[in-house]
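Visitor: Would you mind keeping the following structure in view while I ask a few things?
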Amino acid sequence: TPTPTPTPPQQKLQQTIQSLIIGTIAGICGSLAGMGGGFVMIPLMTSRLSPKLTQHVAHGTSLFAVAATGIAGASSYATSSKNAVEMESAACIALCAMVTARLGALYSATLSQVALKKVLGVFMVCVSPIVPLKAYYMNMNMNMENDNDDDNANVDQHANKKHNDDDGVHNNKNNDKNNDSTNTNPNTQRMKNAMISGGIGLGSGFMAGLLGVGGGAVVVPSLVLFTSMDHYTALGTSLAAMVPPAVVGTLTHYKKGNVNLRVAPALAVGSLIGAYGGGMVGVHLEEELLRYGFSGLLFGLGVRTLVKA
């Protein structure tokens, strides 16, 4: 007996349920690794959703969910006890990313389905090692700082033994030098952070508009490596910064007809639910397991996307 063809109302309900499930899966995976779920949403929308979305529509629709998740995630970080959002850096990233997000979305419309899929696959493969490497660089920097502190302590002890009479003067000079090197002009430091954040925003915004992702895969490791932010603050700042460019990218994709408004709301709701649930689970899992698990997932999805292109 042939399988009966679903009626339009049944198709709509089926697609809504599938979108909710896809968004939930993406939210869980993203929250466990501290990244957006666009990398998970797009392959699933082009392969598992019924009816399947085209590559261009999947990218535009994904940005709709990314914007919603970014708002909720940034709010939770900003209202936490750590207040883990650097608003100045987030504003610099967002302002620059809003410009390039539109350019990325426009450029995305000029690419063929196959070319766009290949770009996504290559980017996913290249980004996959960033999460574990980020932790490695953080540990390396901490070890270097500890070694420098030990060296400074040894120098001070040696100087104290040789120049007991000049301890006060010697320590004052060392303190002045340390203050000069570590406490530079606040305006100069703010300008430096603004320039770094702006550069990060230019790259992440273009990637967000082109690939339909939040840009967290670029922003978070860049903030950790090139600024003094800790991982927790980098996550909150990245989430806050991704919202405006995601909105701009979504509107640009929508004008090109590349946003499915029947799928997008359920996708966003699922992402919010999955992100909350994934965060509850993630606090009980080893961080190293999460890092390598998501890295493997990204690499696998990237290879699969390239093979299917």
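Residue numbering restarts at 1 for every chain of the structure tokens, chains are lettered A, B, ... in their displayed order, and ligands are numbered from 1 as they appear.
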What are the closest atom pairs, with distances in Å to one decimal, for all residues of region 66-146 of chain A lying within 10 Å of region 37-41 of chain A? Consider only C-alpha atoms, order rows by chain and residue number, and present the result as a Markdown table.

Guide:
```
| residue | atom | partner | partner_atom | distance |
| --- | --- | --- | --- | --- |
| A:Val66 | CA | A:Gly38 | CA | 6.9 |
| A:Thr69 | CA | A:Gly37 | CA | 9.0 |
| A:Leu120 | CA | A:Phe39 | CA | 8.4 |
| A:Gly121 | CA | A:Phe39 | CA | 9.3 |
| A:Phe123 | CA | A:Phe39 | CA | 9.8 |
| A:Met124 | CA | A:Phe39 | CA | 7.4 |
```

Visitor: Between A:Ala72, A:Leu301, A:Val247, A:Ala309, which has the minimum distance to Ser128 (chain A) (counting only C-alpha atoms)?

Guide: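 Closest residue, counting only C-alpha atoms: A:Leu301.
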
Visitor: Which residue out of A:Leu285, A:Met45, A:Ala105, A:Val85 has the minimum interatomic distance to Ala246 (chain A) when only C-alpha atoms are used?

Guide: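 Looking only at the distances to Ala246 (chain A), the closest residue turns out to be A:Ala105.
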
Visitor: So, counting only C-alpha atoms, which residue among A:Pro43, A:Val303, A:Ile130, A:Gly209 is closest to Ser222 (chain A)?

Guide: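 Of A:Pro43, A:Val303, A:Ile130, A:Gly209, the one nearest Ser222 (chain A) is A:Ile130, counting only C-alpha atoms.
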
Visitor: What's the 9 Å shell around Gly215 (chain A), counting only C-alpha atoms, without same-chain residues fewer than 3 positions away, as a short mmCIF file (atom, residue, chain, number, x, y, z; two decimals) with all heavy atoms, in the first residue's frame?

Guide:
```
data_model
loop_
_atom_site.label_atom_id
_atom_site.label_comp_id
_atom_site.auth_asym_id
_atom_site.auth_seq_id
_atom_site.Cartn_x
_atom_site.Cartn_y
_atom_site.Cartn_z
N MET A 35 29.54 27.65 22.11
CA MET A 35 29.51 28.20 20.75
C MET A 35 28.08 28.18 20.24
O MET A 35 27.20 27.56 20.84
CB MET A 35 30.41 27.37 19.83
CG MET A 35 31.88 27.39 20.22
SD MET A 35 32.88 26.24 19.27
CE MET A 35 32.75 26.96 17.65
N GLY A 36 27.86 28.88 19.13
CA GLY A 36 26.54 28.90 18.53
C GLY A 36 26.20 27.56 17.90
O GLY A 36 27.06 26.72 17.67
N GLY A 201 35.52 41.82 15.01
CA GLY A 201 34.16 41.99 14.51
C GLY A 201 34.08 41.97 13.00
O GLY A 201 33.13 41.42 12.43
N GLY A 203 35.92 40.29 10.91
CA GLY A 203 36.01 38.91 10.42
C GLY A 203 34.81 38.07 10.80
O GLY A 203 34.25 37.35 9.97
N SER A 204 34.38 38.19 12.06
CA SER A 204 33.26 37.36 12.52
C SER A 204 31.95 37.76 11.86
O SER A 204 31.10 36.92 11.59
CB SER A 204 33.13 37.45 14.04
OG SER A 204 32.78 38.76 14.44
N GLY A 205 31.77 39.06 11.59
CA GLY A 205 30.53 39.52 10.96
C GLY A 205 30.38 38.98 9.55
O GLY A 205 29.30 38.54 9.15
N PHE A 206 31.47 39.01 8.79
CA PHE A 206 31.41 38.48 7.43
C PHE A 206 31.10 36.99 7.44
O PHE A 206 30.28 36.50 6.64
CB PHE A 206 32.74 38.73 6.71
CG PHE A 206 32.73 38.36 5.26
CD1 PHE A 206 32.20 39.22 4.31
CD2 PHE A 206 33.22 37.14 4.83
CE1 PHE A 206 32.17 38.88 2.96
CE2 PHE A 206 33.20 36.78 3.49
CZ PHE A 206 32.67 37.66 2.55
N MET A 207 31.75 36.26 8.36
CA MET A 207 31.49 34.82 8.46
C MET A 207 30.04 34.54 8.87
O MET A 207 29.42 33.60 8.39
CB MET A 207 32.44 34.18 9.47
CG MET A 207 33.88 34.07 9.03
SD MET A 207 34.10 32.93 7.64
CE MET A 207 34.39 34.07 6.30
N ALA A 208 29.52 35.38 9.78
CA ALA A 208 28.14 35.20 10.23
C ALA A 208 27.16 35.40 9.07
O ALA A 208 26.24 34.60 8.86
CB ALA A 208 27.82 36.17 11.36
N GLY A 212 25.77 31.91 8.06
CA GLY A 212 24.58 31.74 8.88
C GLY A 212 24.88 31.28 10.29
O GLY A 212 24.06 30.62 10.92
N VAL A 218 34.83 32.25 16.02
CA VAL A 218 35.92 33.18 15.74
C VAL A 218 36.13 34.13 16.91
O VAL A 218 37.26 34.40 17.33
CB VAL A 218 35.63 33.98 14.45
CG1 VAL A 218 36.72 35.03 14.21
CG2 VAL A 218 35.52 33.05 13.25
N VAL A 219 35.03 34.66 17.47
CA VAL A 219 35.11 35.70 18.49
C VAL A 219 35.70 35.20 19.80
O VAL A 219 36.62 35.82 20.36
CB VAL A 219 33.72 36.32 18.74
CG1 VAL A 219 33.78 37.33 19.89
CG2 VAL A 219 33.21 37.00 17.48
N VAL A 220 35.18 34.08 20.31
CA VAL A 220 35.60 33.62 21.64
C VAL A 220 37.10 33.32 21.72
O VAL A 220 37.79 33.86 22.58
CB VAL A 220 34.77 32.39 22.08
CG1 VAL A 220 35.28 31.84 23.40
CG2 VAL A 220 33.30 32.77 22.21
N SER A 238 30.90 37.60 23.52
CA SER A 238 30.63 37.09 22.18
C SER A 238 29.13 36.98 21.92
O SER A 238 28.64 37.36 20.86
CB SER A 238 31.29 35.71 22.01
OG SER A 238 30.92 35.13 20.77
N MET A 242 27.10 39.15 19.04
CA MET A 242 26.60 38.48 17.84
C MET A 242 25.17 38.86 17.49
O MET A 242 24.73 38.64 16.37
CB MET A 242 26.69 36.95 18.01
CG MET A 242 25.64 36.35 18.91
SD MET A 242 25.59 34.54 18.87
CE MET A 242 27.23 34.10 19.37
#
```

Visitor: Could you give me, as an MDAnalysis selection string, the residues within 12 Å of Ala91 (chain A), counting only C-alpha atoms and dropping anything in the same chain fewer than 5 positions from it?

Guide: chainID A and resid 85:86 96:98 193:195 197:198 200:201 237:245
